[in-house]
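A.B. asks: My structure file structure.txt, compact mmCIF, C-alpha atoms and all ligand atoms, is below:
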```
# COMPACT_ATOMS: atom_id res chain seq x y z
CA MET A 1 74.84 91.66 175.47
CA HIS A 2 75.56 88.03 174.67
CA PRO A 3 72.15 86.33 174.62
CA LYS A 4 73.33 83.03 176.03
CA ASN A 5 76.15 83.90 178.43
CA THR A 6 75.65 85.32 181.91
CA GLY A 7 77.50 87.75 184.18
CA GLU A 8 80.80 89.20 182.94
CA ASP A 9 80.84 86.78 179.97
CA ALA A 10 77.72 88.41 178.57
CA LEU A 11 79.19 91.93 178.49
CA PRO A 12 80.69 93.69 175.49
CA ASN A 13 84.44 94.21 175.48
CA PHE A 14 84.49 97.70 176.99
CA LYS A 15 88.25 97.51 177.65
CA ALA A 16 89.09 98.25 174.03
CA ILE A 17 87.48 101.69 174.26
CA ALA A 18 88.23 102.41 177.92
CA ASP A 19 90.75 105.18 177.18
CA MET A 20 88.89 106.73 174.29
CA GLU A 21 86.59 109.65 174.27
CA VAL A 22 83.32 108.41 172.81
CA ASP A 23 81.07 111.09 171.32
CA ALA A 24 77.92 109.09 170.72
CA ILE A 25 76.21 105.72 170.96
CA LEU A 26 73.76 104.96 168.13
CA MET A 27 71.22 102.24 168.97
CA SER A 28 69.98 100.26 165.96
CA HIS A 29 67.06 98.61 167.81
CA ALA A 30 65.89 97.35 171.18
CA HIS A 31 66.61 93.62 171.10
CA GLN A 32 68.48 92.42 174.18
CA ASP A 33 71.69 91.63 172.28
CA HIS A 34 71.86 95.25 171.11
CA ILE A 35 70.49 97.35 173.98
CA GLY A 36 70.90 94.98 176.95
CA THR A 37 74.01 96.67 178.40
CA LEU A 38 73.32 100.27 177.39
CA PRO A 39 73.09 101.49 181.02
CA LEU A 40 76.58 100.04 181.66
CA ALA A 41 77.94 101.64 178.51
CA MET A 42 76.48 104.97 179.62
CA ARG A 43 78.08 104.58 183.06
CA ARG A 44 81.48 103.93 181.50
CA LEU A 45 81.19 106.54 178.75
CA PRO A 46 79.53 109.45 180.54
CA GLY A 47 80.36 111.92 177.77
CA ALA A 48 78.57 109.98 175.02
CA ARG A 49 75.27 111.18 173.62
CA ILE A 50 72.72 108.42 173.02
CA PHE A 51 70.61 108.37 169.87
CA MET A 52 67.76 106.05 168.81
CA THR A 53 64.26 106.17 167.33
CA GLU A 54 61.35 106.99 169.63
CA ALA A 55 59.95 103.47 169.23
CA THR A 56 63.29 101.94 170.20
CA ALA A 57 63.39 104.17 173.28
CA GLU A 58 59.90 103.12 174.30
CA VAL A 59 60.55 99.42 173.80
CA GLY A 60 64.09 99.64 175.20
CA SER A 61 63.03 101.10 178.50
CA VAL A 62 60.45 98.32 179.03
CA LEU A 63 63.03 95.69 178.07
CA LEU A 64 65.71 97.02 180.42
CA HIS A 65 63.32 97.29 183.38
CA ASN A 66 62.29 93.69 182.74
CA SER A 67 65.95 92.77 182.55
CA VAL A 68 66.55 94.13 186.07
CA ASN A 69 63.78 91.84 187.36
CA VAL A 70 65.22 88.83 185.52
CA MET A 71 68.74 89.53 186.80
CA THR A 72 67.50 90.03 190.36
CA ARG A 73 65.89 86.58 190.19
CA GLN A 74 68.98 85.06 188.59
CA ARG A 75 71.15 86.37 191.40
CA GLU A 76 69.42 83.74 193.57
CA GLU A 77 68.77 81.08 190.95
CA ILE A 78 72.22 80.85 189.39
CA GLY A 79 74.23 82.60 192.12
CA GLU A 80 75.44 85.37 189.79
CA MET A 81 76.51 87.91 192.40
CA SER A 82 77.22 90.72 189.91
CA TYR A 83 73.47 90.83 189.16
CA PRO A 84 71.54 93.00 188.75
CA LEU A 85 74.08 94.87 186.59
CA PHE A 86 71.99 98.04 186.93
CA THR A 87 68.87 99.22 188.77
CA HIS A 88 65.43 100.52 187.85
CA ARG A 89 66.49 103.99 189.00
CA GLU A 90 69.56 103.94 186.82
CA ILE A 91 67.43 103.07 183.77
CA ASP A 92 65.02 105.90 184.56
CA ARG A 93 67.89 108.36 184.82
CA ALA A 94 69.66 106.95 181.76
CA SER A 95 66.61 106.97 179.52
CA GLU A 96 66.07 110.68 180.22
CA ARG A 97 69.31 111.22 178.32
CA TRP A 98 68.26 109.24 175.25
CA ARG A 99 67.66 111.49 172.26
CA TRP A 100 64.89 110.43 169.89
CA CYS A 101 65.64 110.78 166.18
CA PRO A 102 63.30 110.44 163.22
CA LEU A 103 64.19 108.27 160.25
CA ARG A 104 65.80 109.83 157.19
CA GLN A 105 67.20 112.95 158.76
CA ARG A 106 70.87 113.91 158.89
CA ILE A 107 71.86 114.73 162.43
CA SER A 108 75.23 115.91 163.67
CA ILE A 109 76.94 113.96 166.40
CA ALA A 110 76.17 116.97 168.64
CA GLY A 111 72.48 116.20 168.09
CA GLU A 112 71.68 119.10 165.76
CA ARG A 113 69.89 118.79 162.46
CA ALA A 114 72.65 118.89 159.84
CA LEU A 115 72.48 120.45 156.41
CA GLN A 116 73.34 118.42 153.35
CA ARG A 117 76.09 120.82 152.29
CA GLU A 118 78.03 120.64 155.57
CA LYS A 119 80.30 117.98 154.19
CA ASP A 120 82.90 117.93 156.95
CA THR A 121 80.65 117.58 159.98
CA LEU A 122 80.30 114.02 161.30
CA THR A 123 76.64 113.13 160.87
CA PHE A 124 74.41 110.10 161.15
CA GLU A 125 71.08 109.18 159.59
CA PHE A 126 68.68 106.35 160.55
CA PHE A 127 67.10 104.17 157.84
CA ASP A 128 64.17 101.76 158.35
CA ALA A 129 65.62 98.23 158.76
CA GLY A 130 62.32 96.29 158.54
CA HIS A 131 63.39 93.96 161.38
CA VAL A 132 61.22 94.88 164.41
CA LEU A 133 59.39 98.01 165.58
CA GLY A 134 61.82 100.96 165.65
CA SER A 135 64.72 99.09 164.01
CA THR A 136 67.23 101.01 161.92
CA GLY A 137 70.38 100.87 159.87
CA VAL A 138 72.76 103.77 160.47
CA MET A 139 74.61 105.89 157.90
CA LEU A 140 77.66 107.79 159.11
CA ARG A 141 79.05 110.60 156.95
CA ALA A 142 82.24 112.60 157.41
CA GLU A 143 84.76 114.24 155.13
CA GLY A 144 82.94 113.00 152.06
CA GLN A 145 83.16 109.36 153.19
CA THR A 146 80.27 107.08 154.17
CA ILE A 147 79.94 104.13 156.54
CA PHE A 148 76.67 102.21 156.66
CA TYR A 149 75.81 99.78 159.46
CA THR A 150 72.86 97.50 158.63
CA GLY A 151 71.94 96.61 162.22
CA ASP A 152 69.61 93.59 162.09
CA VAL A 153 67.82 93.87 158.77
CA ASN A 154 65.09 92.19 156.76
CA PHE A 155 64.79 92.75 153.00
CA ASP A 156 61.42 90.95 152.81
CA ASP A 157 57.99 91.90 154.12
CA GLN A 158 56.89 90.12 157.30
CA THR A 159 53.26 89.87 158.42
CA ILE A 160 53.47 93.25 160.18
CA MET A 161 56.88 94.74 159.35
CA GLN A 162 57.61 95.90 155.83
CA THR A 163 60.90 95.39 154.01
CA ALA A 164 63.88 97.63 154.84
CA VAL A 165 64.33 100.93 153.02
CA PHE A 166 68.09 101.24 152.82
CA PRO A 167 70.36 103.64 150.92
CA GLU A 168 71.10 102.51 147.39
CA GLN A 169 73.88 104.97 146.54
CA LYS A 170 77.57 104.20 146.73
CA ILE A 171 78.84 103.53 150.25
CA ASP A 172 82.52 103.36 151.20
CA VAL A 173 82.29 100.96 154.13
CA LEU A 174 79.43 98.54 154.78
CA ILE A 175 79.09 96.87 158.20
CA MET A 176 76.68 93.98 157.70
CA GLU A 177 74.89 91.43 159.89
CA CYS A 178 75.19 87.72 158.95
CA THR A 179 72.58 85.92 161.12
CA ARG A 180 71.28 83.63 158.35
CA GLY A 181 74.61 83.17 156.54
CA ASP A 182 74.66 79.41 157.09
CA HIS A 183 71.19 78.70 155.66
CA ALA A 184 70.29 78.85 151.99
CA LYS A 185 66.87 80.24 151.18
CA PRO A 186 64.69 77.13 150.60
CA GLU A 187 63.73 76.64 146.95
CA GLY A 188 60.42 78.34 146.18
CA TRP A 189 59.89 79.64 149.74
CA THR A 190 57.34 82.44 150.09
CA ARG A 191 55.99 83.86 153.31
CA ALA A 192 52.40 83.46 152.07
CA ASP A 193 52.94 79.71 151.48
CA GLU A 194 54.65 79.37 154.83
CA GLU A 195 51.71 81.10 156.55
CA ARG A 196 49.33 78.62 154.89
CA ARG A 197 51.52 75.71 156.00
CA LEU A 198 51.41 77.01 159.59
CA ALA A 199 47.61 77.38 159.46
CA LYS A 200 47.28 73.77 158.22
CA ALA A 201 49.64 72.45 160.90
CA LEU A 202 47.62 74.25 163.58
CA ALA A 203 44.38 72.82 162.20
CA ALA A 204 45.90 69.32 162.23
CA ALA A 205 47.09 69.80 165.82
CA PHE A 206 43.62 70.97 166.93
CA GLU A 207 42.17 67.90 165.20
CA ARG A 208 44.22 65.66 167.53
CA GLU A 209 43.28 67.90 170.49
CA ALA A 210 46.84 69.08 170.85
CA CYS A 211 47.95 72.32 172.39
CA VAL A 212 50.70 74.11 170.48
CA LEU A 213 53.68 75.92 171.99
CA ILE A 214 55.36 78.49 169.72
CA PRO A 215 58.59 79.78 171.35
CA VAL A 216 59.20 83.38 170.25
CA PHE A 217 61.18 86.50 171.06
CA ALA A 218 59.00 88.83 173.13
CA LEU A 219 59.79 91.71 170.78
CA GLY A 220 58.93 91.26 167.11
CA LYS A 221 58.20 87.57 166.66
CA THR A 222 55.37 87.58 169.23
CA GLN A 223 53.55 90.35 167.37
CA GLU A 224 54.21 88.76 163.97
CA VAL A 225 52.76 85.44 165.17
CA LEU A 226 49.73 87.13 166.76
CA ALA A 227 49.10 88.95 163.46
CA MET A 228 49.24 85.62 161.60
CA LEU A 229 46.80 84.00 164.03
CA TYR A 230 44.50 87.00 163.55
CA LYS A 231 44.60 86.49 159.77
CA PHE A 232 43.95 82.73 160.08
CA ARG A 233 40.85 83.35 162.18
CA ARG A 234 39.58 86.12 159.92
CA GLN A 235 40.11 84.01 156.79
CA ARG A 236 38.23 81.22 158.61
CA LEU A 237 41.19 78.88 158.19
CA LEU A 238 40.88 78.21 161.90
CA PRO A 239 38.03 78.50 164.40
CA GLU A 240 38.19 80.75 167.49
CA PHE A 241 40.73 79.36 169.94
CA PRO A 242 42.42 80.66 173.11
CA ILE A 243 45.86 82.26 172.72
CA TYR A 244 48.34 82.81 175.57
CA ILE A 245 51.32 85.16 175.72
CA GLY A 246 53.68 86.32 178.50
CA GLY A 247 53.61 89.60 180.44
CA LEU A 248 56.64 91.16 178.75
CA SER A 249 55.26 90.20 175.33
CA SER A 250 51.96 91.87 176.19
CA LYS A 251 53.79 95.11 177.07
CA PHE A 252 55.63 95.11 173.73
CA THR A 253 52.38 94.27 171.94
CA ASP A 254 50.76 97.31 173.60
CA ILE A 255 53.56 99.46 172.18
CA TYR A 256 53.04 97.99 168.68
CA ASP A 257 49.32 98.79 169.06
CA ARG A 258 49.88 102.34 170.32
CA ARG A 259 52.21 103.10 167.44
CA THR A 260 50.16 101.64 164.56
CA HIS A 261 49.49 105.03 162.97
CA MET A 262 53.11 106.18 163.41
CA THR A 263 54.74 103.12 161.86
CA ARG A 264 55.30 102.06 158.28
CA ARG A 265 53.70 98.59 158.46
CA GLN A 266 51.16 96.10 157.11
CA LEU A 267 47.73 95.71 158.75
CA PRO A 268 47.94 99.39 159.79
CA ARG A 269 44.74 99.38 161.83
CA LEU A 270 45.17 96.06 163.60
CA LYS A 271 45.23 96.42 167.40
CA LEU A 272 46.52 93.03 168.47
CA MET A 273 45.59 93.16 172.16
CA ARG A 274 42.00 94.06 171.30
CA GLU A 275 41.40 91.94 168.18
CA VAL A 276 43.39 88.83 169.10
CA ALA A 277 42.73 89.26 172.83
CA PRO A 278 45.42 86.89 174.13
CA PHE A 279 45.40 85.71 177.75
CA VAL A 280 48.49 86.76 179.68
CA LEU A 281 50.54 84.24 181.68
CA ASN A 282 53.26 84.99 184.24
CA ASP A 283 56.05 82.96 185.89
CA GLU A 284 53.57 81.41 188.33
CA THR A 285 50.56 80.74 186.12
CA VAL A 286 52.67 79.17 183.37
CA ARG A 287 53.45 76.35 185.81
CA ASP A 288 49.87 75.50 186.71
CA THR A 289 47.64 76.66 183.83
CA ALA A 290 45.71 73.64 182.55
CA VAL A 291 47.29 72.17 179.42
CA ARG A 292 44.31 71.67 177.11
CA GLY A 293 44.00 70.84 173.44
CA GLY A 294 43.08 73.57 170.98
CA ARG A 295 45.10 76.28 172.71
CA VAL A 296 48.11 78.14 171.34
CA TYR A 297 50.89 79.33 173.66
CA VAL A 298 53.05 82.02 172.04
CA LEU A 299 55.69 82.29 174.75
CA SER A 300 59.14 83.84 175.09
CA SER A 301 62.04 83.30 175.16
CA GLY A 302 62.64 82.29 171.55
CA MET A 303 65.76 80.33 172.46
CA MET A 304 63.96 78.73 175.42
CA ILE A 305 66.52 79.95 177.96
CA PRO A 306 66.03 78.05 181.29
CA LYS A 307 63.35 79.51 183.66
CA THR A 308 61.66 81.51 180.89
CA LEU A 309 57.98 80.86 180.08
CA SER A 310 58.66 78.86 176.90
CA ASN A 311 61.19 76.65 178.69
CA VAL A 312 58.94 75.99 181.70
CA PHE A 313 55.94 75.26 179.49
CA ALA A 314 57.92 73.06 177.07
CA ARG A 315 59.03 70.86 179.95
CA ARG A 316 55.36 70.29 180.80
CA ILE A 317 54.42 68.98 177.33
CA ILE A 318 57.58 67.54 175.81
CA GLU A 319 56.94 63.95 176.99
CA ASN A 320 53.35 63.92 175.76
CA PRO A 321 52.85 62.72 172.15
CA GLN A 322 49.51 64.53 171.98
CA HIS A 323 51.04 68.04 172.02
CA SER A 324 53.12 70.11 169.61
CA ILE A 325 55.98 72.58 169.59
CA PHE A 326 56.30 74.75 166.47
CA PHE A 327 59.55 76.64 165.85
CA VAL A 328 59.16 79.77 163.75
CA GLY A 329 62.55 81.51 163.69
CA TYR A 330 66.20 81.53 164.55
CA ALA A 331 67.65 79.75 167.60
CA ASN A 332 71.32 79.58 168.51
CA PRO A 333 72.34 75.89 168.03
CA ASP A 334 73.69 75.68 171.60
CA SER A 335 70.52 77.10 173.16
CA PRO A 336 67.82 74.77 174.59
CA ALA A 337 65.61 75.53 171.56
CA GLY A 338 68.51 74.78 169.21
CA ARG A 339 69.26 71.49 170.97
CA LEU A 340 65.59 70.47 171.02
CA ARG A 341 65.35 71.08 167.25
CA GLU A 342 68.44 68.94 166.64
CA THR A 343 67.40 65.99 168.86
CA GLU A 344 65.42 63.20 167.20
CA GLU A 345 62.01 62.20 168.49
CA GLY A 346 62.52 59.63 171.26
CA GLY A 347 65.91 61.15 172.11
CA GLU A 348 66.66 62.78 175.44
CA VAL A 349 67.17 66.47 176.03
CA ALA A 350 67.84 68.55 179.16
CA LEU A 351 66.09 71.87 178.64
CA ASP A 352 67.05 73.07 182.12
CA PRO A 353 70.38 72.02 183.67
CA ASP A 354 68.72 72.01 187.12
CA LYS A 355 66.14 69.40 186.05
CA PRO A 356 66.56 65.81 184.83
CA PRO A 357 66.66 65.24 181.05
CA GLN A 358 63.38 64.32 179.36
CA ARG A 359 62.48 62.09 176.44
CA ILE A 360 61.00 63.89 173.45
CA ARG A 361 57.59 62.43 172.63
CA CYS A 362 55.71 65.53 171.48
CA ASN A 363 55.32 66.56 167.86
CA ILE A 364 57.91 69.11 166.68
CA GLU A 365 57.61 71.14 163.48
CA GLN A 366 59.69 73.91 161.96
CA PHE A 367 58.63 77.00 160.06
CA GLN A 368 60.64 79.82 158.56
CA PHE A 369 59.48 83.29 159.59
CA SER A 370 62.83 84.86 160.37
CA ALA A 371 63.01 88.60 161.09
CA HIS A 372 66.47 88.60 159.48
CA GLY A 373 67.29 88.91 155.80
CA THR A 374 68.14 85.78 153.81
CA ARG A 375 71.81 85.47 152.99
CA GLU A 376 70.92 85.86 149.31
CA SER A 377 69.27 89.24 149.96
CA LEU A 378 72.28 90.43 152.00
CA ILE A 379 74.66 89.46 149.19
CA ASP A 380 72.43 91.21 146.63
CA TYR A 381 72.44 94.38 148.72
CA ALA A 382 76.24 94.34 149.08
CA LYS A 383 76.55 93.86 145.31
CA ARG A 384 74.28 96.82 144.55
CA ILE A 385 76.25 99.06 146.92
CA SER A 386 79.65 97.59 146.00
CA PRO A 387 81.51 99.20 148.91
CA LYS A 388 85.29 99.48 149.16
CA LYS A 389 85.23 97.53 152.41
CA ILE A 390 82.72 95.16 153.98
CA LEU A 391 82.87 94.22 157.65
CA LEU A 392 80.92 91.12 158.65
CA VAL A 393 79.37 91.02 162.13
CA HIS A 394 76.49 89.42 164.11
CA GLY A 395 76.66 85.79 162.99
CA ASP A 396 77.81 82.37 164.18
CA PRO A 397 81.23 81.45 162.73
CA PRO A 398 79.88 79.21 159.88
CA ALA A 399 77.44 81.97 158.88
CA VAL A 400 80.15 84.62 158.79
CA GLU A 401 82.47 82.26 156.90
CA TRP A 402 79.90 81.58 154.15
CA MET A 403 79.29 85.30 153.74
CA ARG A 404 83.04 86.02 153.65
CA THR A 405 83.75 83.41 150.95
CA THR A 406 80.76 84.36 148.82
CA LEU A 407 81.42 88.11 148.97
CA SER A 408 85.14 87.62 148.26
CA ASN A 409 84.27 85.58 145.16
CA GLU A 410 81.48 87.76 143.86
CA LEU A 411 82.76 91.24 144.73
CA SER A 412 86.39 91.32 143.68
CA GLY A 413 86.58 95.11 144.15
CA SER A 414 85.64 94.94 147.85
CA GLU A 415 87.88 94.08 150.74
CA VAL A 416 85.98 91.71 153.05
CA ILE A 417 86.95 91.91 156.72
CA VAL A 418 85.84 89.74 159.63
CA PRO A 419 86.80 91.92 162.58
CA THR A 420 88.19 90.35 165.76
CA PRO A 421 86.64 91.86 168.90
CA GLY A 422 89.05 94.23 170.61
CA THR A 423 91.25 94.91 167.56
CA GLU A 424 91.14 98.20 165.72
CA VAL A 425 90.21 98.14 162.04
CA HIS A 426 91.56 100.89 159.82
CA LEU A 427 88.78 102.08 157.56
ZN ZN A 501 67.37 92.01 166.46
ZN ZN A 502 70.66 91.04 166.91
```
Could you write out this file's structure as structure tokens?
Ligand SMILES: [Zn+2]
Ligand SMILES: [Zn+2]
C.D. replies:
Amino acid sequence: MHPKNTGEDALPNFKAIADMEVDAILMSHAHQDHIGTLPLAMRRLPGARIFMTEATAEVGSVLLHNSVNVMTRQREEIGEMSYPLFTHREIDRASERWRWCPLRQRISIAGERALQREKDTLTFEFFDAGHVLGSTGVMLRAEGQTIFYTGDVNFDDQTIMQTAVFPEQKIDVLIMECTRGDHAKPEGWTRADEERRLAKALAAAFEREACVLIPVFALGKTQEVLAMLYKFRRQRLLPEFPIYIGGLSSKFTDIYDRRTHMTRRQLPRLKLMREVAPFVLNDETVRDTAVRGGRVYVLSSGMMIPKTLSNVFARRIIENPQHSIFFVGYANPDSPAGRLRETEEGGEVALDPDKPPQRIRCNIEQFQFSAHGTRESLIDYAKRISPKKILLVHGDPPAVEWMRTTLSNELSGSEVIVPTPGTEVHL
């Protein structure tokens, strides 16, 4: 699902596969852009089996139910009459058909455990992608050939998630994400240094009695930020202070907490809801909660889409020089968060098209805690694998273009393909 578009414009191009028989749908992870239209895909491809990890299924069902509520509201707010695209009941029925698969096990497309020596059967295998809870890369094998899809991947440790564990043997076709293709890794950047810089910035904000808004994705970034705040308090870098998150984020955080012992992760015993004990805001309370210094608001959406908690709250503090907004990850340049980051202090920005533009007076700072691999780590991985073909997906055009040029120069034996949606690629 396109994260920024609405209605028909947000849907995948189902037309291209309308006349095909589709055997299976393999879900890499439960972010909206990957799982957001799964019920529609299942409606259109009734014969397809659906495979994902158990964690992705758990998160995905919560996300899709939330999505029905959001779409039902948007039907009124933006007059999108096709919404909701599916119902709660449809999700309940659909999710009963999802098959849970463990990592690192070859499974036939029929859903049976496959033996290594059955070379001709089409099989898949999930690998830990280190991106968010449940995230995977997918290996397809058939007739002695291999195709590996990275999904969204991170090759570095985060505060909770650990680096991806991907196949290192020869792969024939690599399908790779390019999210960070247009940003070089900053010289000397380490996550530990960046965490310290965030702790210092928070301390400085508290000093001026500022409150701090951190716009985040509900899944992944929220839990990573909460884990950082937990560490800052425990290391006595910061005093006790109130933390606020949204309702959807709290549901995902509960799932992270429930699955601590089943997940390969850092801080394996940390139960965020209990130890960090954030207060939970909803669509109503975010409008009237008192804005006080010394509080941290870790609110979704990460791109500050209009009407979401981070957007509503940002509009309350943006004109006040006392307060701060800290960005900690990726935002599409055309999204409200992207535009806010680009606009100079004192400039005007309209975070919600239904409201008048506002002048930016608050303090804005940027940090780099992306859940996606650096472009350097993606290139390194492609070089180690040296596939016959590389398909570049999941990136803004400049990001994809940088990856294409670099891979073409550095991997002369690989054919680099940027696929056009709706056209068939011969592998
Ligand atoms: Zn993702
Ligand atoms: Zn994605």
A.B. asks: So which residues touch Leu202 in chain A within 12 Å, counting only C-alpha atoms, skipping near sequence neighbours fewer than 3 positions away, as a VMD selection string?
C.D. replies: chain A and resid 195 to 199 205 to 214 228 to 229 232 to 233 237 to 239 241 293 to 297 323 to 326 363 to 365 367
A.B. asks: Please produce a file of the residues just selected, as an mmCIF file, in the frame of the given file, where the atoms kept are C-alpha atoms.
C.D. replies:
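Saved file part.cif follows:
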```
data_model
loop_
_atom_site.group_PDB
_atom_site.id
_atom_site.type_symbol
_atom_site.label_atom_id
_atom_site.label_comp_id
_atom_site.auth_asym_id
_atom_site.auth_seq_id
_atom_site.Cartn_x
_atom_site.Cartn_y
_atom_site.Cartn_z
ATOM 1 C CA GLU A 195 51.710 81.100 156.550
ATOM 2 C CA ARG A 196 49.330 78.620 154.890
ATOM 3 C CA ARG A 197 51.520 75.710 156.000
ATOM 4 C CA LEU A 198 51.410 77.010 159.590
ATOM 5 C CA ALA A 199 47.610 77.380 159.460
ATOM 6 C CA ALA A 205 47.090 69.800 165.820
ATOM 7 C CA PHE A 206 43.620 70.970 166.930
ATOM 8 C CA GLU A 207 42.170 67.900 165.200
ATOM 9 C CA ARG A 208 44.220 65.660 167.530
ATOM 10 C CA GLU A 209 43.280 67.900 170.490
ATOM 11 C CA ALA A 210 46.840 69.080 170.850
ATOM 12 C CA CYS A 211 47.950 72.320 172.390
ATOM 13 C CA VAL A 212 50.700 74.110 170.480
ATOM 14 C CA LEU A 213 53.680 75.920 171.990
ATOM 15 C CA ILE A 214 55.360 78.490 169.720
ATOM 16 C CA MET A 228 49.240 85.620 161.600
ATOM 17 C CA LEU A 229 46.800 84.000 164.030
ATOM 18 C CA PHE A 232 43.950 82.730 160.080
ATOM 19 C CA ARG A 233 40.850 83.350 162.180
ATOM 20 C CA LEU A 237 41.190 78.880 158.190
ATOM 21 C CA LEU A 238 40.880 78.210 161.900
ATOM 22 C CA PRO A 239 38.030 78.500 164.400
ATOM 23 C CA PHE A 241 40.730 79.360 169.940
ATOM 24 C CA GLY A 293 44.000 70.840 173.440
ATOM 25 C CA GLY A 294 43.080 73.570 170.980
ATOM 26 C CA ARG A 295 45.100 76.280 172.710
ATOM 27 C CA VAL A 296 48.110 78.140 171.340
ATOM 28 C CA TYR A 297 50.890 79.330 173.660
ATOM 29 C CA HIS A 323 51.040 68.040 172.020
ATOM 30 C CA SER A 324 53.120 70.110 169.610
ATOM 31 C CA ILE A 325 55.980 72.580 169.590
ATOM 32 C CA PHE A 326 56.300 74.750 166.470
ATOM 33 C CA ASN A 363 55.320 66.560 167.860
ATOM 34 C CA ILE A 364 57.910 69.110 166.680
ATOM 35 C CA GLU A 365 57.610 71.140 163.480
ATOM 36 C CA PHE A 367 58.630 77.000 160.060
#
```
A.B. asks: Please tabulate, as a tab-separated table, the residues of chain A that come within 12 Å of ligand ZN 501 (chain A), each with its closest pair of atoms and the distance in Å to one decimal, counting only C-alpha atoms and all ligand atoms and ordering rows by chain, then residue number upward.
C.D. replies:
```
residue	atom	partner	partner_atom	distance
A:Met1	CA	A:ZN501	ZN	11.7
A:Pro3	CA	A:ZN501	ZN	11.0
A:Met27	CA	A:ZN501	ZN	11.2
A:Ser28	CA	A:ZN501	ZN	8.7
A:His29	CA	A:ZN501	ZN	6.7
A:Ala30	CA	A:ZN501	ZN	7.3
A:His31	CA	A:ZN501	ZN	5.0
A:Gln32	CA	A:ZN501	ZN	7.8
A:Asp33	CA	A:ZN501	ZN	7.3
A:His34	CA	A:ZN501	ZN	7.2
A:Ile35	CA	A:ZN501	ZN	9.7
A:Gly36	CA	A:ZN501	ZN	11.5
A:Thr56	CA	A:ZN501	ZN	11.4
A:Ala129	CA	A:ZN501	ZN	10.1
A:Gly130	CA	A:ZN501	ZN	10.3
A:His131	CA	A:ZN501	ZN	6.7
A:Val132	CA	A:ZN501	ZN	7.1
A:Leu133	CA	A:ZN501	ZN	10.0
A:Gly134	CA	A:ZN501	ZN	10.6
A:Ser135	CA	A:ZN501	ZN	7.9
A:Thr136	CA	A:ZN501	ZN	10.1
A:Gly137	CA	A:ZN501	ZN	11.4
A:Thr150	CA	A:ZN501	ZN	11.0
A:Gly151	CA	A:ZN501	ZN	7.7
A:Asp152	CA	A:ZN501	ZN	5.2
A:Val153	CA	A:ZN501	ZN	7.9
A:Asn154	CA	A:ZN501	ZN	10.0
A:Glu177	CA	A:ZN501	ZN	10.0
A:Cys178	CA	A:ZN501	ZN	11.7
A:Thr179	CA	A:ZN501	ZN	9.6
A:Phe217	CA	A:ZN501	ZN	9.5
A:Ala218	CA	A:ZN501	ZN	11.2
A:Leu219	CA	A:ZN501	ZN	8.7
A:Gly220	CA	A:ZN501	ZN	8.5
A:Lys221	CA	A:ZN501	ZN	10.2
A:Gly302	CA	A:ZN501	ZN	11.9
A:Gly329	CA	A:ZN501	ZN	11.9
A:Tyr330	CA	A:ZN501	ZN	10.7
A:Ser370	CA	A:ZN501	ZN	10.4
A:Ala371	CA	A:ZN501	ZN	7.7
A:His372	CA	A:ZN501	ZN	7.8
A:Gly373	CA	A:ZN501	ZN	11.1
A:His394	CA	A:ZN501	ZN	9.8
A:Gly395	CA	A:ZN501	ZN	11.7
```
A.B. asks: Between A:Asn69, A:Thr420, A:Thr222, A:Asn332, which has the minimum distance to ligand ZN 502 (chain A) (counting only C-alpha atoms and all ligand atoms)?
C.D. replies: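 Using only C-alpha atoms and all ligand atoms, the shortest distance to ligand ZN 502 (chain A) belongs to A:Asn332.
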A.B. asks: Neighbours of Ser377 in chain A within 12 Å (all atoms listed in the file; same-chain residues fewer than 2 positions away dropped), as a PyMOL selection string?
C.D. replies: chain A and resi 153-156+163-164+176-178+180-181+184-185+372-375+379-384+403
A.B. asks: Since we have the selection now, will you write its residues out, keeping C-alpha atoms, as a PDB file, keeping the file's coordinate frame?
C.D. replies:
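Listing of again.pdb after writing:
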```pdb
ATOM      1  CA  VAL A 153      67.820  93.870 158.770  1.00  0.00           C
ATOM      2  CA  ASN A 154      65.090  92.190 156.760  1.00  0.00           C
ATOM      3  CA  PHE A 155      64.790  92.750 153.000  1.00  0.00           C
ATOM      4  CA  ASP A 156      61.420  90.950 152.810  1.00  0.00           C
ATOM      5  CA  THR A 163      60.900  95.390 154.010  1.00  0.00           C
ATOM      6  CA  ALA A 164      63.880  97.630 154.840  1.00  0.00           C
ATOM      7  CA  MET A 176      76.680  93.980 157.700  1.00  0.00           C
ATOM      8  CA  GLU A 177      74.890  91.430 159.890  1.00  0.00           C
ATOM      9  CA  CYS A 178      75.190  87.720 158.950  1.00  0.00           C
ATOM     10  CA  ARG A 180      71.280  83.630 158.350  1.00  0.00           C
ATOM     11  CA  GLY A 181      74.610  83.170 156.540  1.00  0.00           C
ATOM     12  CA  ALA A 184      70.290  78.850 151.990  1.00  0.00           C
ATOM     13  CA  LYS A 185      66.870  80.240 151.180  1.00  0.00           C
ATOM     14  CA  HIS A 372      66.470  88.600 159.480  1.00  0.00           C
ATOM     15  CA  GLY A 373      67.290  88.910 155.800  1.00  0.00           C
ATOM     16  CA  THR A 374      68.140  85.780 153.810  1.00  0.00           C
ATOM     17  CA  ARG A 375      71.810  85.470 152.990  1.00  0.00           C
ATOM     18  CA  ILE A 379      74.660  89.460 149.190  1.00  0.00           C
ATOM     19  CA  ASP A 380      72.430  91.210 146.630  1.00  0.00           C
ATOM     20  CA  TYR A 381      72.440  94.380 148.720  1.00  0.00           C
ATOM     21  CA  ALA A 382      76.240  94.340 149.080  1.00  0.00           C
ATOM     22  CA  LYS A 383      76.550  93.860 145.310  1.00  0.00           C
ATOM     23  CA  ARG A 384      74.280  96.820 144.550  1.00  0.00           C
ATOM     24  CA  MET A 403      79.290  85.300 153.740  1.00  0.00           C
TER      25      MET A 403
END
```
